[in-house]
Amino acid sequence: MNYQVLQKKDLDEFIRKLSGKMTVVAPVNKGYNNFAFEEVSSAEKIALQYIPTILPPKKYFMPQKEKMLDFDISGKIPEDKAVIEYEDIAIFGIHTCDLAGIQCLNMAFSERPRDYNYLIRKDHIFSIGLECNDYCDESASCTLVNAHLPNGGYDLFLSDVGDRFVCHINTHRGAEIAGETGLFQKAAAADLTALDNLRERKRQIFKNEINIAPRFLPEIFEKAMESPVWEEVGSRCVSCGNCTNVCPTCYCFDMFDSINLDMKTGARFRVWDSCQLEPFARVAGGENFREERSERQRHRFFRKFKYPVEKYYRFFCTGCGRCTRTCMARISLKETLNALAKESL
Amino acid sequence: MKEEIVNSNWKLRKGEIIAAKQMTSAEKWFDIKLDDGELDHEPGQFVQVELFGIGEVPISICSSPTKKGSFELCVRAAGRVTNEMHKLDVGNYVGIRGPFGRPFPVRVMAGNDLFFIAGGLGIAPLRSLINYVMDNRKDFGKVDILLGCRTPQDMLFGDEVAGWEKRLDVNFSCTVDRGGPDWTGNVGLITTLIPGVTIIPERTFSVVVGPPVMYKFVINELLKKDLPERQIILSLERHMKCGMGKCGHCQIDHPKNYYCCKDGPTFSYDEVKEAKKL
């Protein structure tokens with residue numbers, strides 16, 4: 001394992017040097033306990049202590065709106081060209097929950113047939129993780145899904161041990177970039193001890209946030225299709241789609257065409273969609289295969305705790321707590337899981 | 001930075017409409033020839049049809065792969081894109097992606113008797129299989145076809161259906177919900193015709209395609225005939241927006257992770273019987 005040290009006083013220079021190479025984005029305080037990943041050119045605006053940002057870093061991997069195709073219909077035979085628009089980006093300060101979210105998206109989009117727009121964009125993103133020393137708030141359930149500790153998915157990973165960051169160099173590119181700045185020193189034994197102490201302290205703080213061990217969740221969801229819990233959750237849901245928009249692992253999308261004013265050229269775009277919205281599973285004939293809010297909420301939970309377990313051997317929940325924080329109807333992920341657990345006992 | 005993605009799965013093939021015909025007030029038929037060769041599909045698959053500037057829709061292929069050179073679609077004007085598509089005619093171009101989806105299990109069904117049941121527009125995807133079977137008739141046993149539609153005027157592929165009726169190697173009957181004064185055939189639901197068909201359950205595959213509301217009743221009748229669940233093949237309807245198992249729109253509410261576009265649209269009944277809606 002390759003560990004180096006970055007002094008906190010050098011963080012500003014690190015960000016400045018990094019932003020000379022590529023666009024740097026980092027969590028910025030937006031007020032009222034809201035944070036967002038935004039472009040920065042120094043460390044001044046970066047919030048090192050932050051609760052999960054309004055939108056996860058997925059917005060850089062899969063933008064809310066992205067162009068997939070340019071077309072020209074001026075000739076008899078239409079012409080089209082599949083395109084990608086991207087930039088070199090460094091994302092600074094990604095929490096372990098969001099690193100897990102990116103890993104989920106990587107799996108979904110690299111499965112064949114591959115999504116080259118996602119994969120090319122991903123290759124141009126340099127990821128710098130940042131460890132949480134304590135819980136962000138009570139909405140989080142990262143220990144449940146084992147996302148409270150780093151499990152890869154980054155180039156560099158910083159852990160705050162006081163006046164300095166201990167930095168895990170995970171990739172060759174990470175080592176190169178860190179080396180080029182000239183700000184990183186080799187970690188001493190005392191630094192590694194400090195990191196060990198941090199992790200030991202975290203083991204005391206971070207405990208499974210629901211009333212049942214995660215290994216029982218597959219069994220619970222095996223029986224959950226008919227659960228009355230969904231009726232209760234559905235009766236409160238207002239179908240706004242906030243929970244899926246802010247989710248680091250939700251990637252459902254819609255496609256739409258846009259034609260330019262010349263009426264000859266245009267483009268096809270991909271935009272985020274939400275299974276919580278009423279038309280999501282509707283077909284043109286009028287049938288809606290998920291008409292009720294309870295059905296749509298059930299579907300959302302199945303897409304986090306049932307289907308991906310079968311397909312990818314992991315939960316598509318990172319415990320970030322965003323869905324709970326953002327819900328206007330106070331639908332809580334932890335409470336919903338507890339209710340399902342209680343009922344299956 | 002902007003780059004071209006040469007191998008993108010979103011790139012469209014170009015298809016020229018070489019024949020088109022208004023079949024009923026709601027359905028129009030198109031014969032499409034691709035600029036870059038054969039579609040190379042199997043019975044039961046679908047394509048994504050792009051009307052540049054308007055949008056893309058999933059449409060099941062209604063011609064058999066035994067027909068070379070072009071493929072056919074039967075399109076009901078149901079939504080924004082399909083209504084626009086009805087305005088297209090010979091010489092117009094559309095974008096095509098696909099073919100997509102798991103086809104009907106033709107190789108598994110070979111050597112068995114076939115019992116086709118189509119309701120309404122369900123004849124469109126089923127026709128790709130029926131014509132495939134007709135063109136490879138000796139590979140299959142007894143063939144029964146039941147067809148149901150609302151009124152005689154709603155009958156799709158009327159000339160072809162009349163041909164099936166005349167064939168000695170096919171038993172064909174049809175029924176309408178409402179006949180007219182000149183209608184001399186059956187009137188009533190398609191389920192009323194099922195008891196009259198004799199099948200040998202251990203060597204029969206029934207392929208059922210129709211509107212969602214039809215499935216439950218037809219499947220009940222078939223189960224009464226002791227037809228095993230895995231020998232009942234359905235083609236399910238969902239709005240597949242990408243065709244690649246990604247966009248999420250066509251996922252089925254089922255304990256298993258089924259995407260209609262990749263795992264389907266054809267399923268055996270034993271695979272999907274736990275689905276909340278067929």
# chains A, B, ... in the order shown; residues from 1 in each chain; ligands from 1
>>> closest_atom_pairs(of="chain A", to="chain B", cutoff="8 Å", atoms="only C-alpha atoms", output="Markdown table")
| residue | atom | partner | partner_atom | distance |
| --- | --- | --- | --- | --- |
| A:Met68 | CA | B:Trp10 | CA | 7.1 |
| A:Leu69 | CA | B:Lys11 | CA | 7.2 |
| A:Phe71 | CA | B:Phe52 | CA | 7.5 |
| A:Ile73 | CA | B:Phe52 | CA | 7.3 |
| A:Lys76 | CA | B:Tyr93 | CA | 7.6 |
| A:Ile77 | CA | B:Tyr93 | CA | 6.4 |
| A:Pro78 | CA | B:Tyr93 | CA | 7.1 |
| A:Asp80 | CA | B:Lys11 | CA | 7.0 |
| A:Lys81 | CA | B:Lys11 | CA | 6.7 |
| A:Ala82 | CA | B:Ile5 | CA | 5.3 |
| A:Val83 | CA | B:Glu4 | CA | 4.4 |
| A:Ile84 | CA | B:Glu3 | CA | 5.4 |
| A:Glu85 | CA | B:Lys2 | CA | 4.4 |
| A:Tyr86 | CA | B:Met1 | CA | 5.4 |
| A:Glu87 | CA | B:Met1 | CA | 5.8 |
| A:Ala108 | CA | B:Lys246 | CA | 7.3 |
| A:Phe109 | CA | B:Lys246 | CA | 7.5 |
| A:Arg112 | CA | B:Met244 | CA | 7.9 |
| A:Pro113 | CA | B:Met244 | CA | 6.2 |
| A:Arg114 | CA | B:Asn9 | CA | 7.7 |
| A:Asp115 | CA | B:Asn9 | CA | 7.4 |
| A:Tyr116 | CA | B:Ser8 | CA | 6.3 |
| A:Asn117 | CA | B:Ile5 | CA | 8.0 |
| A:Glu222 | CA | B:Pro255 | CA | 6.8 |
| A:Met225 | CA | B:Pro255 | CA | 7.0 |
| A:Tyr251 | CA | B:Cys247 | CA | 7.2 |
| A:Cys252 | CA | B:Cys247 | CA | 4.6 |
| A:Phe253 | CA | B:Cys247 | CA | 4.9 |
| A:Asp254 | CA | B:Cys247 | CA | 6.7 |
| A:Met255 | CA | B:Lys241 | CA | 7.3 |
| A:Phe256 | CA | B:Gly55 | CA | 6.0 |
| A:Asp257 | CA | B:Gly53 | CA | 5.0 |
| A:Ser258 | CA | B:Gly53 | CA | 5.6 |
| A:Ile259 | CA | B:Gly53 | CA | 5.1 |
| A:Gly266 | CA | B:Gly53 | CA | 6.4 |
| A:Ala267 | CA | B:Gly53 | CA | 7.4 |
| A:Arg268 | CA | B:Gly53 | CA | 8.0 |
| A:Cys275 | CA | B:His249 | CA | 7.6 |
| A:Phe280 | CA | B:His249 | CA | 6.3 |
| A:Ala281 | CA | B:His249 | CA | 5.7 |
| A:Arg282 | CA | B:His239 | CA | 7.0 |
| A:Val283 | CA | B:His239 | CA | 5.4 |
| A:Ala284 | CA | B:Gly79 | CA | 5.1 |
| A:Gly285 | CA | B:Ala78 | CA | 5.7 |
| A:Phe289 | CA | B:Lys277 | CA | 6.7 |
| A:His299 | CA | B:Asp253 | CA | 7.2 |
| A:Lys306 | CA | B:Pro255 | CA | 7.9 |
| A:Tyr307 | CA | B:Asn257 | CA | 5.1 |
| A:Pro308 | CA | B:Asn257 | CA | 7.9 |
| A:Glu310 | CA | B:Asn257 | CA | 7.3 |
| A:Lys311 | CA | B:Asn257 | CA | 7.6 |
>>> write_last_selection(atoms="N, CA and C atoms", output="compact mmCIF listing (two decimals), in the first residue's frame")
# COMPACT_ATOMS: atom_id res chain seq x y z
N MET A 68 -26.19 12.70 -27.34
CA MET A 68 -25.74 11.38 -27.76
C MET A 68 -25.51 11.31 -29.26
N LEU A 69 -26.22 12.18 -30.00
CA LEU A 69 -26.24 12.03 -31.45
C LEU A 69 -26.48 13.40 -32.07
N PHE A 71 -27.63 14.95 -35.81
CA PHE A 71 -28.14 14.47 -37.10
C PHE A 71 -28.41 15.62 -38.07
N ILE A 73 -30.84 16.18 -41.55
CA ILE A 73 -31.87 15.57 -42.40
C ILE A 73 -32.10 16.40 -43.66
N LYS A 76 -31.68 13.49 -48.83
CA LYS A 76 -32.73 12.46 -48.91
C LYS A 76 -32.51 11.42 -47.80
N ILE A 77 -31.22 11.03 -47.64
CA ILE A 77 -30.90 10.06 -46.60
C ILE A 77 -30.37 10.81 -45.38
N PRO A 78 -31.00 10.65 -44.24
CA PRO A 78 -30.53 11.36 -43.04
C PRO A 78 -29.13 10.90 -42.65
N ASP A 80 -26.24 10.82 -39.42
CA ASP A 80 -26.09 11.02 -37.97
C ASP A 80 -24.69 10.65 -37.53
N LYS A 81 -24.32 11.19 -36.40
CA LYS A 81 -23.00 10.95 -35.84
C LYS A 81 -23.17 10.86 -34.33
N ALA A 82 -22.72 9.72 -33.77
CA ALA A 82 -22.77 9.58 -32.31
C ALA A 82 -21.63 10.37 -31.70
N VAL A 83 -21.93 11.16 -30.70
CA VAL A 83 -20.90 12.06 -30.15
C VAL A 83 -20.83 11.98 -28.63
N ILE A 84 -19.71 12.45 -28.13
CA ILE A 84 -19.57 12.66 -26.69
C ILE A 84 -18.93 14.02 -26.46
N GLU A 85 -19.49 14.74 -25.50
CA GLU A 85 -18.90 16.01 -25.09
C GLU A 85 -18.38 15.81 -23.66
N TYR A 86 -17.12 16.11 -23.43
CA TYR A 86 -16.55 15.85 -22.10
C TYR A 86 -15.43 16.84 -21.82
N GLU A 87 -15.01 16.85 -20.57
CA GLU A 87 -13.80 17.59 -20.23
C GLU A 87 -13.01 16.82 -19.18
N ALA A 108 -23.22 -0.83 -14.00
CA ALA A 108 -24.41 -0.78 -14.86
C ALA A 108 -24.05 -0.37 -16.28
N PHE A 109 -23.15 0.58 -16.41
CA PHE A 109 -22.87 1.11 -17.75
C PHE A 109 -21.80 0.33 -18.51
N ARG A 112 -22.55 -5.16 -21.07
CA ARG A 112 -22.88 -5.10 -22.50
C ARG A 112 -24.37 -5.11 -22.73
N PRO A 113 -24.86 -4.37 -23.74
CA PRO A 113 -24.11 -3.49 -24.61
C PRO A 113 -23.62 -2.25 -23.86
N ARG A 114 -22.35 -1.93 -24.06
CA ARG A 114 -21.71 -0.89 -23.25
C ARG A 114 -22.21 0.51 -23.58
N ASP A 115 -22.13 1.36 -22.58
CA ASP A 115 -22.51 2.75 -22.78
C ASP A 115 -21.23 3.56 -22.90
N TYR A 116 -20.81 3.80 -24.14
CA TYR A 116 -19.51 4.44 -24.35
C TYR A 116 -19.50 5.89 -23.88
N ASN A 117 -20.65 6.57 -23.92
CA ASN A 117 -20.67 7.94 -23.43
C ASN A 117 -20.25 7.98 -21.96
N GLU A 222 -37.09 -10.90 -0.60
CA GLU A 222 -37.68 -12.06 -1.28
C GLU A 222 -39.19 -12.09 -1.01
N MET A 225 -42.56 -8.25 -1.97
CA MET A 225 -43.39 -7.81 -3.09
C MET A 225 -44.81 -7.49 -2.64
N TYR A 251 -29.90 5.60 -12.29
CA TYR A 251 -29.40 6.00 -13.62
C TYR A 251 -30.46 5.88 -14.71
N CYS A 252 -31.72 5.70 -14.35
CA CYS A 252 -32.77 5.59 -15.37
C CYS A 252 -32.81 6.87 -16.20
N PHE A 253 -33.07 6.70 -17.49
CA PHE A 253 -33.04 7.89 -18.33
C PHE A 253 -34.11 7.86 -19.40
N ASP A 254 -34.30 9.01 -20.01
CA ASP A 254 -35.21 9.15 -21.13
C ASP A 254 -34.39 9.75 -22.27
N MET A 255 -34.91 9.64 -23.47
CA MET A 255 -34.23 10.20 -24.63
C MET A 255 -35.18 11.18 -25.29
N PHE A 256 -34.65 12.25 -25.85
CA PHE A 256 -35.53 13.11 -26.63
C PHE A 256 -34.78 13.76 -27.78
N ASP A 257 -35.53 14.11 -28.82
CA ASP A 257 -34.97 14.75 -30.01
C ASP A 257 -35.17 16.24 -29.91
N SER A 258 -34.21 16.97 -30.46
CA SER A 258 -34.35 18.40 -30.52
C SER A 258 -33.93 18.82 -31.92
N ILE A 259 -34.74 19.65 -32.55
CA ILE A 259 -34.40 20.07 -33.92
C ILE A 259 -34.10 21.56 -33.91
N GLY A 266 -30.19 18.66 -36.01
CA GLY A 266 -30.70 18.51 -34.65
C GLY A 266 -29.86 17.51 -33.88
N ALA A 267 -30.37 17.12 -32.73
CA ALA A 267 -29.60 16.22 -31.88
C ALA A 267 -30.54 15.36 -31.05
N ARG A 268 -29.99 14.22 -30.59
CA ARG A 268 -30.71 13.40 -29.61
C ARG A 268 -30.00 13.52 -28.28
N CYS A 275 -38.30 6.72 -11.95
CA CYS A 275 -39.34 5.69 -11.86
C CYS A 275 -40.46 6.12 -10.92
N PHE A 280 -43.72 7.05 -16.10
CA PHE A 280 -42.49 6.29 -16.35
C PHE A 280 -42.74 4.93 -17.00
N ALA A 281 -43.72 4.19 -16.51
CA ALA A 281 -43.95 2.83 -17.03
C ALA A 281 -45.21 2.76 -17.87
N ARG A 282 -45.65 3.93 -18.35
CA ARG A 282 -46.86 3.97 -19.16
C ARG A 282 -46.50 3.70 -20.62
N VAL A 283 -47.38 2.99 -21.33
CA VAL A 283 -47.16 2.77 -22.76
C VAL A 283 -48.19 3.59 -23.54
N ALA A 284 -47.90 3.76 -24.85
CA ALA A 284 -48.73 4.66 -25.64
C ALA A 284 -50.19 4.22 -25.70
N GLY A 285 -50.42 2.91 -25.59
CA GLY A 285 -51.80 2.41 -25.64
C GLY A 285 -52.62 2.84 -24.43
N PHE A 289 -48.00 0.36 -16.26
CA PHE A 289 -47.59 -0.85 -15.55
C PHE A 289 -47.15 -0.56 -14.11
N HIS A 299 -40.84 -0.33 -6.20
CA HIS A 299 -39.88 -0.54 -7.28
C HIS A 299 -38.53 0.11 -6.95
N LYS A 306 -32.83 -5.49 -4.06
CA LYS A 306 -33.18 -6.82 -4.56
C LYS A 306 -32.54 -7.11 -5.92
N TYR A 307 -32.94 -6.36 -6.94
CA TYR A 307 -32.46 -6.66 -8.29
C TYR A 307 -30.93 -6.60 -8.42
N PRO A 308 -30.28 -5.55 -7.91
CA PRO A 308 -28.82 -5.49 -8.09
C PRO A 308 -28.07 -6.58 -7.32
N GLU A 310 -29.02 -9.65 -7.14
CA GLU A 310 -29.03 -10.78 -8.08
C GLU A 310 -28.01 -10.59 -9.19
N LYS A 311 -27.97 -9.35 -9.68
CA LYS A 311 -27.23 -9.10 -10.90
C LYS A 311 -25.77 -8.76 -10.63
>>> residues_around(residues="Ala175 of chain A", least_positions_apart="6", cutoff="9 Å", atoms="only C-alpha atoms", output="list in words")
Asn2, Asp155, Leu156 and Ile169 of chain A
>>> select_by_dssp(residues="segment 242-340 of chain A", states="alpha helix (DSSP H)", output="PyMOL selection string")
chain A and resi 242-245+293-305+307-312+322-326+333-340
>>> write_last_selection(atoms="N, CA and C atoms", output="compact mmCIF listing (two decimals), in the first residue's frame")
# COMPACT_ATOMS: atom_id res chain seq x y z
N ASN A 242 -37.72 13.44 -6.35
CA ASN A 242 -36.50 13.95 -5.71
C ASN A 242 -35.57 12.82 -5.29
N CYS A 243 -36.16 11.75 -4.71
CA CYS A 243 -35.34 10.67 -4.15
C CYS A 243 -34.45 10.05 -5.21
N THR A 244 -34.98 9.90 -6.43
CA THR A 244 -34.17 9.25 -7.47
C THR A 244 -33.19 10.23 -8.10
N ASN A 245 -33.57 11.50 -8.19
CA ASN A 245 -32.64 12.49 -8.74
C ASN A 245 -31.38 12.62 -7.90
N ARG A 293 -48.50 4.98 -6.57
CA ARG A 293 -47.28 5.45 -5.91
C ARG A 293 -46.64 4.34 -5.07
N SER A 294 -47.48 3.51 -4.45
CA SER A 294 -46.94 2.42 -3.65
C SER A 294 -46.12 1.47 -4.52
N GLU A 295 -46.61 1.22 -5.73
CA GLU A 295 -45.88 0.34 -6.65
C GLU A 295 -44.55 0.97 -7.04
N ARG A 296 -44.57 2.28 -7.22
CA ARG A 296 -43.35 2.94 -7.67
C ARG A 296 -42.31 3.01 -6.55
N GLN A 297 -42.80 3.24 -5.31
CA GLN A 297 -41.86 3.23 -4.18
C GLN A 297 -41.29 1.83 -3.97
N ARG A 298 -42.15 0.83 -4.09
CA ARG A 298 -41.66 -0.55 -3.95
C ARG A 298 -40.57 -0.80 -5.00
N HIS A 299 -40.84 -0.33 -6.20
CA HIS A 299 -39.88 -0.54 -7.28
C HIS A 299 -38.53 0.11 -6.95
N ARG A 300 -38.60 1.32 -6.40
CA ARG A 300 -37.35 2.01 -6.05
C ARG A 300 -36.54 1.19 -5.05
N PHE A 301 -37.19 0.67 -4.03
CA PHE A 301 -36.47 -0.13 -3.03
C PHE A 301 -35.97 -1.45 -3.62
N PHE A 302 -36.78 -2.04 -4.51
CA PHE A 302 -36.32 -3.28 -5.17
C PHE A 302 -35.09 -3.01 -6.03
N ARG A 303 -35.03 -1.82 -6.60
CA ARG A 303 -33.87 -1.49 -7.44
C ARG A 303 -32.64 -1.19 -6.60
N LYS A 304 -32.79 -1.04 -5.30
CA LYS A 304 -31.65 -0.81 -4.43
C LYS A 304 -31.23 -2.10 -3.70
N PHE A 305 -32.21 -2.89 -3.28
CA PHE A 305 -31.90 -3.98 -2.36
C PHE A 305 -32.22 -5.38 -2.89
N TYR A 307 -32.94 -6.36 -6.94
CA TYR A 307 -32.46 -6.66 -8.29
C TYR A 307 -30.93 -6.60 -8.42
N PRO A 308 -30.28 -5.55 -7.91
CA PRO A 308 -28.82 -5.49 -8.09
C PRO A 308 -28.07 -6.58 -7.32
N VAL A 309 -28.68 -7.09 -6.26
CA VAL A 309 -28.03 -8.16 -5.51
C VAL A 309 -27.94 -9.40 -6.40
N GLU A 310 -29.02 -9.65 -7.14
CA GLU A 310 -29.03 -10.78 -8.08
C GLU A 310 -28.01 -10.59 -9.19
N LYS A 311 -27.97 -9.35 -9.68
CA LYS A 311 -27.23 -9.10 -10.90
C LYS A 311 -25.77 -8.76 -10.63
N TYR A 312 -25.51 -7.96 -9.62
CA TYR A 312 -24.15 -7.46 -9.40
C TYR A 312 -23.57 -7.86 -8.04
N ARG A 322 -29.35 10.63 1.10
CA ARG A 322 -29.92 11.76 0.35
C ARG A 322 -31.43 11.62 0.15
N CYS A 323 -31.90 10.39 -0.16
CA CYS A 323 -33.34 10.22 -0.44
C CYS A 323 -34.15 10.60 0.79
N THR A 324 -33.65 10.24 1.96
CA THR A 324 -34.35 10.56 3.21
C THR A 324 -34.34 12.07 3.46
N ARG A 325 -33.16 12.68 3.28
CA ARG A 325 -33.01 14.11 3.53
C ARG A 325 -33.88 14.95 2.61
N THR A 326 -34.01 14.51 1.37
CA THR A 326 -34.68 15.35 0.37
C THR A 326 -36.18 15.14 0.34
N LEU A 333 -35.51 6.01 4.46
CA LEU A 333 -35.00 4.72 4.02
C LEU A 333 -34.81 3.77 5.21
N LYS A 334 -34.23 4.30 6.27
CA LYS A 334 -34.00 3.45 7.45
C LYS A 334 -35.31 2.95 8.03
N GLU A 335 -36.28 3.87 8.16
CA GLU A 335 -37.58 3.46 8.73
C GLU A 335 -38.29 2.45 7.86
N THR A 336 -38.18 2.63 6.54
CA THR A 336 -38.84 1.69 5.63
C THR A 336 -38.21 0.31 5.76
N LEU A 337 -36.88 0.27 5.82
CA LEU A 337 -36.22 -1.03 5.98
C LEU A 337 -36.57 -1.66 7.32
N ASN A 338 -36.63 -0.83 8.36
CA ASN A 338 -37.01 -1.35 9.68
C ASN A 338 -38.43 -1.91 9.67
N ALA A 339 -39.33 -1.21 8.97
CA ALA A 339 -40.72 -1.67 8.90
C ALA A 339 -40.80 -3.02 8.18
N LEU A 340 -40.04 -3.15 7.10
CA LEU A 340 -40.02 -4.42 6.36
C LEU A 340 -39.44 -5.53 7.23
>>> residues_around(residues="Asn136 of chain B", least_positions_apart="2", cutoff="12 Å", atoms="only C-alpha atoms", output="PyMOL selection string")
chain B and resi 64-67+106-107+110-111+129-134+138-141+169
>>> write_last_selection(atoms="C-alpha atoms", output="compact mmCIF listing (two decimals), in the first residue's frame")
# COMPACT_ATOMS: atom_id res chain seq x y z
CA SER B 64 -40.43 -13.36 -40.79
CA PRO B 65 -36.65 -13.47 -41.16
CA THR B 66 -37.28 -15.92 -44.01
CA LYS B 67 -38.34 -12.90 -46.03
CA VAL B 106 -38.10 -21.31 -32.46
CA ARG B 107 -35.43 -23.98 -32.14
CA ALA B 110 -39.35 -27.24 -33.58
CA GLY B 111 -40.81 -30.73 -33.65
CA LEU B 129 -43.37 -16.34 -36.05
CA ILE B 130 -46.42 -17.66 -37.93
CA ASN B 131 -44.85 -16.83 -41.29
CA TYR B 132 -41.56 -18.32 -40.15
CA VAL B 133 -43.40 -21.53 -39.29
CA MET B 134 -45.28 -21.49 -42.62
CA LYS B 138 -42.27 -29.43 -42.12
CA ASP B 139 -40.18 -28.68 -39.00
CA PHE B 140 -43.31 -28.35 -36.86
CA GLY B 141 -46.29 -30.55 -35.93
CA ASP B 169 -51.76 -27.75 -42.82
>>> closest_residue(among="B:Gln48, B:Thr191, B:Ser60, B:Thr184", to="Gly122 of chain B", atoms="only C-alpha atoms")
B:Ser60
>>> atom_distance(atom1="atom CA of Met85 of chain B", atom2="atom CA of Arg290 of chain A")
27.1 Å
>>> residues_around(residues="Met23 of chain B", least_positions_apart="2", cutoff="10 Å", atoms="only C-alpha atoms", output="ChimeraX atom specification")
/B:20-21,25-30,74-76,153-158
>>> select_by_dssp(residues="segment 134-317 of chain A", states="strand (DSSP E or B)", output="PyMOL selection string")
chain A and resi 156-160+164-169+184-186+253-259+265-272+282+288
>>> atom_distance(atom1="atom CA of Pro195 of chain B", atom2="atom CA of Leu236 of chain B")
23.8 Å
>>> closest_atom_pairs(of="segment 116-166 of chain A", to="segment 36-52 of chain A", cutoff="9 Å", atoms="only C-alpha atoms", output="CSV")
residue,atom,partner,partner_atom,distance
A:Leu130,CA,A:Leu48,CA,8.3
A:Cys132,CA,A:Gln49,CA,8.4
A:Tyr135,CA,A:Ile51,CA,8.7
A:Cys136,CA,A:Ile51,CA,5.0
A:Asp137,CA,A:Ile51,CA,7.2
>>> write_last_selection(atoms="C-alpha atoms", output="PDB file, in the first residue's frame")
ATOM      1  CA  LEU A 130     -12.105  12.176   1.418  1.00  0.00           C
ATOM      2  CA  CYS A 132     -15.618  10.840   6.925  1.00  0.00           C
ATOM      3  CA  TYR A 135     -21.394  10.496  10.740  1.00  0.00           C
ATOM      4  CA  CYS A 136     -22.665  13.369   8.618  1.00  0.00           C
ATOM      5  CA  ASP A 137     -26.137  13.123  10.195  1.00  0.00           C
TER       6      ASP A 137
END
